[in-house]
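Enquirer: Handing over run_33.pdb, PDB, C-alpha atoms.
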MODEL        1
ATOM      1  CA  MET A 113      24.498  22.389  20.119
ATOM      2  CA  ILE A 114      26.739  19.597  21.354
ATOM      3  CA  LEU A 115      28.588  17.931  18.472
ATOM      4  CA  LEU A 116      29.255  14.558  20.121
ATOM      5  CA  GLU A 117      27.713  13.451  23.401
ATOM      6  CA  LEU A 118      28.572  10.260  25.256
ATOM      7  CA  LYS A 119      26.462   9.133  28.213
ATOM      8  CA  ASN A 120      27.347   6.274  30.552
ATOM      9  CA  ILE A 121      29.434   4.374  27.998
ATOM     10  CA  LYS A 122      30.452   0.949  29.261
ATOM     11  CA  LYS A 123      32.702  -1.678  27.695
ATOM     12  CA  TYR A 124      33.942  -4.737  29.594
ATOM     13  CA  PHE A 125      36.218  -7.400  28.124
ATOM     14  CA  PRO A 126      36.155 -10.941  29.556
ATOM     15  CA  ILE A 127      39.533 -12.237  30.743
ATOM     16  CA  LYS A 128      38.404 -15.533  32.226
ATOM     17  CA  ARG A 129      35.255 -17.598  32.015
ATOM     18  CA  LYS A 130      34.308 -20.338  34.427
ATOM     19  CA  SER A 131      34.191 -23.774  32.834
ATOM     20  CA  TRP A 132      30.693 -24.505  34.162
ATOM     21  CA  GLY A 133      29.234 -21.460  32.416
ATOM     22  CA  GLY A 134      29.202 -18.996  35.279
ATOM     23  CA  GLN A 135      30.265 -15.355  35.132
ATOM     24  CA  GLY A 136      34.030 -14.900  34.814
ATOM     25  CA  ALA A 137      36.317 -11.944  35.439
ATOM     26  CA  PHE A 138      36.256  -8.798  33.288
ATOM     27  CA  VAL A 139      38.515  -5.901  32.436
ATOM     28  CA  LYS A 140      36.493  -2.700  32.835
ATOM     29  CA  ALA A 141      38.043  -0.950  29.841
ATOM     30  CA  VAL A 142      35.431   1.825  29.800
ATOM     31  CA  ASP A 143      33.233   2.199  32.844
ATOM     32  CA  GLN A 144      30.238   4.564  32.761
ATOM     33  CA  VAL A 145      31.999   7.360  30.851
ATOM     34  CA  SER A 146      30.176  10.553  29.883
ATOM     35  CA  LEU A 147      31.729  13.270  27.727
ATOM     36  CA  SER A 148      30.493  16.183  25.624
ATOM     37  CA  ILE A 149      32.413  17.769  22.741
ATOM     38  CA  TYR A 150      31.257  21.076  21.230
ATOM     39  CA  PRO A 151      31.882  22.313  17.658
ATOM     40  CA  GLY A 152      35.294  23.930  17.213
ATOM     41  CA  GLU A 153      36.529  22.621  20.536
ATOM     42  CA  ASN A 154      39.839  20.854  21.136
ATOM     43  CA  VAL A 155      39.354  18.195  23.804
ATOM     44  CA  SER A 156      42.155  15.975  25.074
ATOM     45  CA  LEU A 157      41.739  12.588  26.696
ATOM     46  CA  VAL A 158      44.775  11.773  28.823
ATOM     47  CA  GLY A 159      45.881   8.940  31.079
ATOM     48  CA  GLU A 160      48.351   6.094  31.365
ATOM     49  CA  SER A 161      48.514   3.215  28.908
ATOM     50  CA  GLY A 162      45.659   0.766  29.410
ATOM     51  CA  CYS A 163      43.290   3.248  31.041
ATOM     52  CA  GLY A 164      40.712   2.916  28.229
ATOM     53  CA  LYS A 165      41.409   5.959  26.034
ATOM     54  CA  THR A 166      41.757   4.139  22.711
ATOM     55  CA  THR A 167      38.882   1.774  23.480
ATOM     56  CA  LEU A 168      36.641   4.783  24.067
ATOM     57  CA  ALA A 169      37.760   6.343  20.770
ATOM     58  CA  ARG A 170      37.040   3.125  18.876
ATOM     59  CA  ILE A 171      33.576   3.066  20.428
ATOM     60  CA  MET A 172      33.013   6.673  19.313
ATOM     61  CA  ILE A 173      33.627   5.770  15.665
ATOM     62  CA  LYS A 174      31.851   2.412  16.046
ATOM     63  CA  LEU A 175      34.837   0.220  15.323
ATOM     64  CA  ILE A 176      33.682  -1.678  18.397
ATOM     65  CA  GLN A 177      30.266  -1.755  20.037
ATOM     66  CA  GLN A 178      29.730  -0.504  23.563
ATOM     67  CA  ASP A 179      27.980  -2.791  26.059
ATOM     68  CA  SER A 180      25.673   0.013  27.124
ATOM     69  CA  GLY A 181      25.322   3.777  27.026
ATOM     70  CA  SER A 182      24.360   6.420  24.489
ATOM     71  CA  ILE A 183      26.305   8.083  21.648
ATOM     72  CA  LYS A 184      24.712  11.094  19.994
ATOM     73  CA  LEU A 185      26.053  13.066  17.058
ATOM     74  CA  GLU A 186      24.382  16.481  16.843
ATOM     75  CA  GLY A 187      21.550  15.137  18.969
ATOM     76  CA  GLN A 188      20.941  11.957  16.955
ATOM     77  CA  GLU A 189      21.470   8.580  18.599
ATOM     78  CA  VAL A 190      23.913   6.558  16.502
ATOM     79  CA  ALA A 191      23.815   3.172  18.277
ATOM     80  CA  ASN A 192      21.566   1.478  15.721
ATOM     81  CA  LEU A 193      22.253   3.453  12.553
ATOM     82  CA  LYS A 194      22.313   1.452   9.335
ATOM     83  CA  GLY A 195      22.642   2.019   5.619
ATOM     84  CA  SER A 196      22.857   5.611   4.410
ATOM     85  CA  LYS A 197      22.458   7.043   7.913
ATOM     86  CA  PHE A 198      25.427   5.034   9.171
ATOM     87  CA  ARG A 199      27.522   6.087   6.166
ATOM     88  CA  LYS A 200      26.774   9.741   6.928
ATOM     89  CA  PHE A 201      27.824   9.223  10.535
ATOM     90  CA  ARG A 202      31.120   7.636   9.444
ATOM     91  CA  LYS A 203      31.814  10.567   7.134
ATOM     92  CA  ASP A 204      31.385  13.019  10.001
ATOM     93  CA  ILE A 205      33.859  11.332  12.379
ATOM     94  CA  GLN A 206      37.312  10.221  11.232
ATOM     95  CA  MET A 207      40.368   8.966  13.097
ATOM     96  CA  VAL A 208      44.134   9.363  12.680
ATOM     97  CA  PHE A 209      46.099   6.570  14.332
ATOM     98  CA  GLN A 210      49.415   6.581  16.162
ATOM     99  CA  ASP A 211      51.516   4.667  13.643
ATOM    100  CA  PRO A 212      51.061   6.019  10.100
ATOM    101  CA  PHE A 213      53.110   3.192   8.616
ATOM    102  CA  ASN A 214      50.750   0.500   9.911
ATOM    103  CA  SER A 215      47.612   2.517   9.189
ATOM    104  CA  LEU A 216      48.505   3.014   5.500
ATOM    105  CA  ASP A 217      48.250  -0.041   3.276
ATOM    106  CA  PRO A 218      51.793  -0.693   1.984
ATOM    107  CA  ARG A 219      50.421  -2.198  -1.249
ATOM    108  CA  PHE A 220      48.673   1.033  -2.266
ATOM    109  CA  THR A 221      50.033   4.213  -3.796
ATOM    110  CA  VAL A 222      49.154   7.570  -2.244
ATOM    111  CA  PHE A 223      46.544   8.089  -4.957
ATOM    112  CA  HIS A 224      44.923   4.718  -4.212
ATOM    113  CA  ILE A 225      44.988   5.355  -0.440
ATOM    114  CA  LEU A 226      43.185   8.681  -0.814
ATOM    115  CA  LYS A 227      40.819   7.394  -3.499
ATOM    116  CA  GLU A 228      39.809   4.473  -1.282
ATOM    117  CA  ALA A 229      38.721   6.951   1.400
ATOM    118  CA  MET A 230      36.120   8.299  -1.047
ATOM    119  CA  THR A 231      34.042   5.107  -1.072
ATOM    120  CA  LEU A 232      31.419   6.681   1.223
ATOM    121  CA  GLU A 233      30.929   9.476  -1.366
ATOM    122  CA  LYS A 234      30.597   7.418  -4.547
ATOM    123  CA  VAL A 235      28.214   9.878  -6.213
ATOM    124  CA  ARG A 236      30.216  12.997  -5.408
ATOM    125  CA  TYR A 237      33.520  11.449  -6.506
ATOM    126  CA  ARG A 238      32.210   9.219  -9.276
ATOM    127  CA  HIS A 239      34.432  10.660 -11.993
ATOM    128  CA  PHE A 240      38.211  10.448 -12.089
ATOM    129  CA  ARG A 241      38.605  14.210 -12.565
ATOM    130  CA  ASP A 242      36.642  14.860  -9.348
ATOM    131  CA  GLN A 243      38.760  12.356  -7.454
ATOM    132  CA  GLU A 244      41.966  13.857  -8.781
ATOM    133  CA  GLN A 245      40.919  17.412  -7.962
ATOM    134  CA  ARG A 246      39.974  16.518  -4.380
ATOM    135  CA  ILE A 247      43.221  14.605  -3.848
ATOM    136  CA  LYS A 248      45.308  17.516  -5.118
ATOM    137  CA  GLU A 249      43.410  19.915  -2.834
ATOM    138  CA  LEU A 250      44.129  17.748   0.191
ATOM    139  CA  LEU A 251      47.811  17.258  -0.621
ATOM    140  CA  ALA A 252      48.155  21.030  -0.876
ATOM    141  CA  ALA A 253      46.344  21.417   2.456
ATOM    142  CA  VAL A 254      48.836  19.137   4.236
ATOM    143  CA  ASP A 255      51.856  20.670   2.421
ATOM    144  CA  LEU A 256      52.703  17.705   0.220
ATOM    145  CA  PRO A 257      53.514  17.945  -3.529
ATOM    146  CA  VAL A 258      51.261  16.309  -6.101
ATOM    147  CA  ASN A 259      54.157  14.402  -7.644
ATOM    148  CA  ILE A 260      53.996  11.840  -4.811
ATOM    149  CA  LEU A 261      50.733  10.246  -5.999
ATOM    150  CA  ASN A 262      52.383   7.161  -7.490
ATOM    151  CA  ARG A 263      54.674   6.495  -4.541
ATOM    152  CA  TYR A 264      54.156   3.982  -1.709
ATOM    153  CA  PRO A 265      54.104   4.538   2.083
ATOM    154  CA  HIS A 266      57.552   3.025   2.664
ATOM    155  CA  GLU A 267      59.075   5.756   0.480
ATOM    156  CA  PHE A 268      58.176   8.500   2.969
ATOM    157  CA  SER A 269      59.399   9.716   6.344
ATOM    158  CA  GLY A 270      57.241   9.295   9.442
ATOM    159  CA  GLY A 271      56.101  12.927   9.309
ATOM    160  CA  GLU A 272      55.180  12.657   5.627
ATOM    161  CA  ARG A 273      53.228   9.449   6.259
ATOM    162  CA  GLN A 274      51.296  11.148   9.034
ATOM    163  CA  ARG A 275      50.447  14.022   6.691
ATOM    164  CA  ILE A 276      49.112  11.464   4.197
ATOM    165  CA  ALA A 277      47.057   9.849   6.986
ATOM    166  CA  ILE A 278      45.634  13.265   7.924
ATOM    167  CA  ALA A 279      44.799  13.996   4.272
ATOM    168  CA  ARG A 280      42.985  10.655   4.057
ATOM    169  CA  ALA A 281      40.967  11.483   7.191
ATOM    170  CA  LEU A 282      39.950  14.835   5.675
ATOM    171  CA  VAL A 283      38.737  13.430   2.334
ATOM    172  CA  LEU A 284      35.075  13.375   3.402
ATOM    173  CA  ASN A 285      35.024  16.731   5.243
ATOM    174  CA  PRO A 286      34.536  15.291   8.759
ATOM    175  CA  LYS A 287      33.183  17.377  11.593
ATOM    176  CA  LEU A 288      35.229  15.601  14.271
ATOM    177  CA  LEU A 289      38.778  14.316  13.893
ATOM    178  CA  ILE A 290      40.056  11.907  16.552
ATOM    179  CA  LEU A 291      43.849  11.874  16.827
ATOM    180  CA  ASP A 292      45.065   8.834  18.756
ATOM    181  CA  GLU A 293      48.662   9.569  19.811
ATOM    182  CA  ALA A 294      49.040  11.026  16.329
ATOM    183  CA  VAL A 295      52.395  12.727  17.010
ATOM    184  CA  SER A 296      53.868  10.465  19.685
ATOM    185  CA  SER A 297      55.965   8.407  17.246
ATOM    186  CA  LEU A 298      57.527  11.512  15.664
ATOM    187  CA  ASP A 299      60.604  13.428  16.762
ATOM    188  CA  VAL A 300      60.152  16.807  18.447
ATOM    189  CA  LEU A 301      60.705  18.991  15.364
ATOM    190  CA  ILE A 302      58.275  16.955  13.249
ATOM    191  CA  GLN A 303      55.755  16.983  16.118
ATOM    192  CA  ASP A 304      55.872  20.762  16.073
ATOM    193  CA  GLN A 305      55.268  20.853  12.312
ATOM    194  CA  ILE A 306      52.292  18.494  12.548
ATOM    195  CA  LEU A 307      50.738  20.437  15.444
ATOM    196  CA  LYS A 308      51.038  23.696  13.497
ATOM    197  CA  LEU A 309      49.508  21.947  10.484
ATOM    198  CA  LEU A 310      46.566  20.728  12.588
ATOM    199  CA  GLN A 311      45.906  24.282  13.749
ATOM    200  CA  GLU A 312      45.904  25.533  10.154
ATOM    201  CA  LEU A 313      43.598  22.713   9.068
ATOM    202  CA  GLN A 314      41.200  23.432  11.914
ATOM    203  CA  ASP A 315      40.879  27.036  10.792
ATOM    204  CA  LYS A 316      40.506  26.060   7.130
ATOM    205  CA  PHE A 317      38.053  23.163   7.484
ATOM    206  CA  GLN A 318      36.190  24.166  10.707
ATOM    207  CA  LEU A 319      37.303  20.980  12.451
ATOM    208  CA  THR A 320      36.733  19.780  15.975
ATOM    209  CA  TYR A 321      39.535  17.715  17.515
ATOM    210  CA  LEU A 322      39.712  14.982  20.127
ATOM    211  CA  PHE A 323      43.343  14.374  21.061
ATOM    212  CA  ILE A 324      44.243  11.130  22.795
ATOM    213  CA  SER A 325      47.663  11.416  24.364
ATOM    214  CA  HIS A 326      49.923  10.741  27.315
ATOM    215  CA  ASN A 327      52.151  13.719  26.413
ATOM    216  CA  LEU A 328      50.872  16.490  28.653
ATOM    217  CA  LYS A 329      53.163  19.107  27.143
ATOM    218  CA  VAL A 330      51.523  18.576  23.753
ATOM    219  CA  VAL A 331      48.084  18.451  25.374
ATOM    220  CA  ARG A 332      48.664  21.756  27.161
ATOM    221  CA  ARG A 333      49.548  23.378  23.868
ATOM    222  CA  VAL A 334      46.589  22.185  21.799
ATOM    223  CA  SER A 335      43.627  21.691  24.157
ATOM    224  CA  HIS A 336      40.746  23.813  25.331
ATOM    225  CA  LYS A 337      39.520  21.128  27.727
ATOM    226  CA  ILE A 338      41.082  18.010  29.251
ATOM    227  CA  ALA A 339      39.425  14.814  30.474
ATOM    228  CA  VAL A 340      41.659  12.647  32.680
ATOM    229  CA  MET A 341      41.018   8.913  32.471
ATOM    230  CA  TYR A 342      42.010   6.275  35.043
ATOM    231  CA  LYS A 343      40.929   2.639  35.292
ATOM    232  CA  GLY A 344      38.238   3.098  32.649
ATOM    233  CA  LYS A 345      36.668   6.189  34.208
ATOM    234  CA  ILE A 346      36.995   9.916  33.656
ATOM    235  CA  VAL A 347      38.194  11.097  37.058
ATOM    236  CA  GLU A 348      38.548  14.803  36.295
ATOM    237  CA  MET A 349      37.511  17.197  33.546
ATOM    238  CA  ALA A 350      38.051  20.936  33.213
ATOM    239  CA  ALA A 351      39.537  23.700  31.074
ATOM    240  CA  THR A 352      43.197  23.076  30.265
ATOM    241  CA  GLN A 353      44.677  25.779  32.463
ATOM    242  CA  GLU A 354      42.413  24.779  35.331
ATOM    243  CA  ILE A 355      43.670  21.195  35.167
ATOM    244  CA  PHE A 356      47.301  22.301  35.182
ATOM    245  CA  GLN A 357      46.948  24.988  37.830
ATOM    246  CA  ASN A 358      44.397  23.387  40.127
ATOM    247  CA  PRO A 359      44.238  19.575  39.801
ATOM    248  CA  LEU A 360      41.770  18.069  42.261
ATOM    249  CA  HIS A 361      41.879  14.302  41.828
ATOM    250  CA  PRO A 362      44.847  12.360  43.303
ATOM    251  CA  TYR A 363      45.536  10.639  39.975
ATOM    252  CA  THR A 364      45.617  13.953  38.067
ATOM    253  CA  LYS A 365      48.107  15.342  40.591
ATOM    254  CA  GLU A 366      50.248  12.232  40.185
ATOM    255  CA  LEU A 367      50.096  12.416  36.390
ATOM    256  CA  LEU A 368      51.099  16.082  36.316
ATOM    257  CA  SER A 369      53.920  15.559  38.775
ATOM    258  CA  ALA A 370      55.364  12.734  36.667
ATOM    259  CA  ALA A 371      54.945  14.427  33.293
ATOM    260  CA  ILE A 372      55.706  18.077  34.025
ATOM    261  CA  GLU A 373      58.054  17.943  37.008
ATOM    262  CA  TYR A 374      59.625  14.614  36.045
ATOM    263  CA  LYS A 375      58.961  13.318  39.555
ATOM    264  CA  SER A 376      57.809   9.783  40.132
ATOM    265  CA  VAL A 377      55.212   9.434  42.868
ATOM    266  CA  ARG A 378      55.367   6.442  45.163
ATOM    267  CA  ARG A 379      51.820   5.652  46.248
ATOM    268  CA  SER A 380      51.308   4.787  49.884
ATOM    269  CA  GLU A 381      48.166   3.017  48.735
ATOM    270  CA  ASP A 382      46.345   2.434  45.481
ATOM    271  CA  ILE A 383      43.931   5.086  44.224
ATOM    272  CA  ASN A 384      40.581   3.398  44.676
ATOM    273  CA  ILE A 385      37.648   4.122  42.407
ATOM    274  CA  HIS A 386      34.223   3.330  43.823
ATOM    275  CA  PRO A 387      32.061   1.521  41.221
ATOM    276  CA  ASN A 388      29.253   4.051  41.676
ATOM    277  CA  ALA A 389      31.406   7.184  41.822
ATOM    278  CA  GLN A 390      30.090  10.113  39.789
ATOM    279  CA  LEU A 391      31.669  13.242  38.323
ATOM    280  CA  VAL A 392      30.752  16.178  40.545
ATOM    281  CA  GLU A 393      31.160  19.856  39.645
ATOM    282  CA  LYS A 394      33.433  21.160  42.408
ATOM    283  CA  GLU A 395      33.947  24.539  40.773
ATOM    284  CA  LYS A 396      32.372  26.119  37.707
ATOM    285  CA  GLY A 397      33.234  23.886  34.752
ATOM    286  CA  HIS A 398      35.611  21.754  36.858
ATOM    287  CA  PHE A 399      34.392  18.196  37.392
ATOM    288  CA  VAL A 400      36.050  15.560  39.565
ATOM    289  CA  LEU A 401      35.134  12.004  40.451
ATOM    290  CA  ASP A 402      34.084  11.493  44.042
ATOM    291  CA  VAL A 403      37.032  10.204  46.055
TER     292      VAL A 403
ENDMDL
END
Please re-express this file's structure in structure tokens.
Expert:
Amino acid sequence: MILLELKNIKKYFPIKRKSWGGQGAFVKAVDQVSLSIYPGENVSLVGESGCGKTTLARIMIKLIQQDSGSIKLEGQEVANLKGSKFRKFRKDIQMVFQDPFNSLDPRFTVFHILKEAMTLEKVRYRHFRDQEQRIKELLAAVDLPVNILNRYPHEFSGGERQRIAIARALVLNPKLLILDEAVSSLDVLIQDQILKLLQELQDKFQLTYLFISHNLKVVRRVSHKIAVMYKGKIVEMAATQEIFQNPLHPYTKELLSAAIEYKSVRRSEDINIHPNAQLVEKEKGHFVLDV
């Protein structure tokens, strides 16, 4: 069964409205995007800044509402979920953000940060001893000592803060963890530690990952499948090695050349995307947008 399925997701943001009430201009942040993620899979969403990656992720976890399109978690449409059904959905999908310092409340201790994440499981973690036990389990899982519980975010290194952010995301046993540039602000050695940790956590907690990144070297290491995003659309999607060895879309070729070969590509003309272009399966499991 598909864990998370997106169909024709669209999100436009107005940039200018005509004074007499007519239709103004829009940024097509996400434009008819479809994507399927299977249990246990590592999927990476790559593309340049501003292509719509983070907007799509925020739509997935319902931080913002899509204009149109379908989101299904294990076959259930989540667009209009409310009450207990919405709370269950939010437990199943969690997100780790790029900057752990800004994503952790500086006024809260580590204990308070992790305890706050339990609000969707008030019955399960009603008693202090249950809260404390779960918090200690998670700190052990992310290789942090329990004697940090009364410390504040500013007292930690960037790598330690990101481990705390990961522990917070794991509090409710999510099925899908979205990592939005989760290692990009860390130095290379700490990146390596966090990536190894994520692999261990995936094995331990049966997690599914969606990585959002512009670092193709990291993506190549962690992904089973890559979706390439450009101007709000997914222009190519295939298994990781297939993308690296046989890119089909002009933008994917440009991205790989810049990131892997350190070669800038001077376009003779802009890469145009037809509004009605569709992903087409050119080879088995290898999809590319009509060009």
Enquirer: Apply the PyMOL selection byres ((chain A and resi 268) around 12) to the displayed file and report the matching residues as a PyMOL selection string.
Expert: chain A and resi 212-213+216+218+221-222+256+260-261+263-267+269-277
Enquirer: CA of Asn120 (chain A) and CA of Gly181 (chain A) are how many Å apart?
Expert: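 Spanning CA of Asn120 (chain A) to CA of Gly181 (chain A) is a straight-line distance of 4.8 Å.
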Enquirer: Can you list, as number ranges by chain, the residues that the PyMOL selection byres ((chain A and resi 364) around 10) selects here?
Expert: A: 158-159, 339-342, 347-349, 355-356, 358-363, 365-370, 400
Enquirer: Which residues are close to Pro126 (chain A), i.e. within 9 Å by all atoms listed in the file, leaving aside same-chain residues fewer than 6 positions away? Reply as a ChimeraX atom specification.
Expert: /A:136-140
Enquirer: Between CA of Pro286 (chain A) and CA of Lys248 (chain A), what is the spacing in Å?
Expert: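 Distance between the two atoms: 17.7 Å.
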Enquirer: What would the selection look like, as a list in words, if the PyMOL selection byres ((chain A and resi 200) around 12) were run on the coordinates I just shared?
Expert: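 Taken over the shown coordinates, the PyMOL selection byres ((chain A and resi 200) around 12) returns Ile173, Leu185, Gln188, Val190, Leu193, Lys194, Gly195, Ser196, Lys197, Phe198, Arg199, Phe201, Arg202, Lys203, Asp204, Ile205, Gln206, Thr231, Leu232, Glu233, Leu284, Asn285, Pro286 and Lys287 of chain A.
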Enquirer: To one decimal place in Å, what is the distance between CA of Ala141 (chain A) and CA of Tyr124 (chain A)?
Expert: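 So the answer is 5.6 Å.
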Enquirer: Please check which residues have atoms at most 10 Å from (38.3, 4.2, 22.8) in the file's coordinates, counting all atoms listed in the file, and write them as a ChimeraX atom specification.
Expert: /A:123,141-142,157,163-176,178,292,324,344
Enquirer: Could you give me, as a list in words, the residues within 12 Å of Pro387 (chain A), counting only C-alpha atoms and dropping anything in the same chain fewer than 3 positions from it?
Expert: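 Selected residues are Lys140, Val142, Asp143, Gln144, Val145, Lys343, Gly344, Lys345, Asn384, Gln390, Leu401, Asp402 and Val403 of chain A.
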Enquirer: Would you list the contacts of region 315-318 of chain A as a list in words, taking every protein, DNA or RNA residue within 12 Å and counting all atoms listed in the file, but skipping same-chain residues closer than 6 positions in sequence?
Expert: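 Counting all atoms listed in the file, the residues come to Pro151, Gly152, Glu153, Asn154, Leu250, Ala253, Val254, Ala279, Leu282, Val283, Leu284, Asn285, Pro286, Lys287, Leu288, Leu289, Lys308 and Leu309 of chain A.
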Enquirer: With distances taken over only C-alpha atoms, which of A:Ser296, A:Leu391, A:Phe223, A:Leu310 is nearest to Ile346 (chain A)?
Expert: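 When distances to Ile346 (chain A) are compared using only C-alpha atoms, the smallest one comes from A:Leu391.
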Enquirer: Write out as a PyMOL selection string the residues lying within 12 Å of Tyr237 (chain A), counting all atoms listed in the file and excluding same-chain residues fewer than 5 positions away.
Expert: chain A and resi 226-232+242-247+283-284
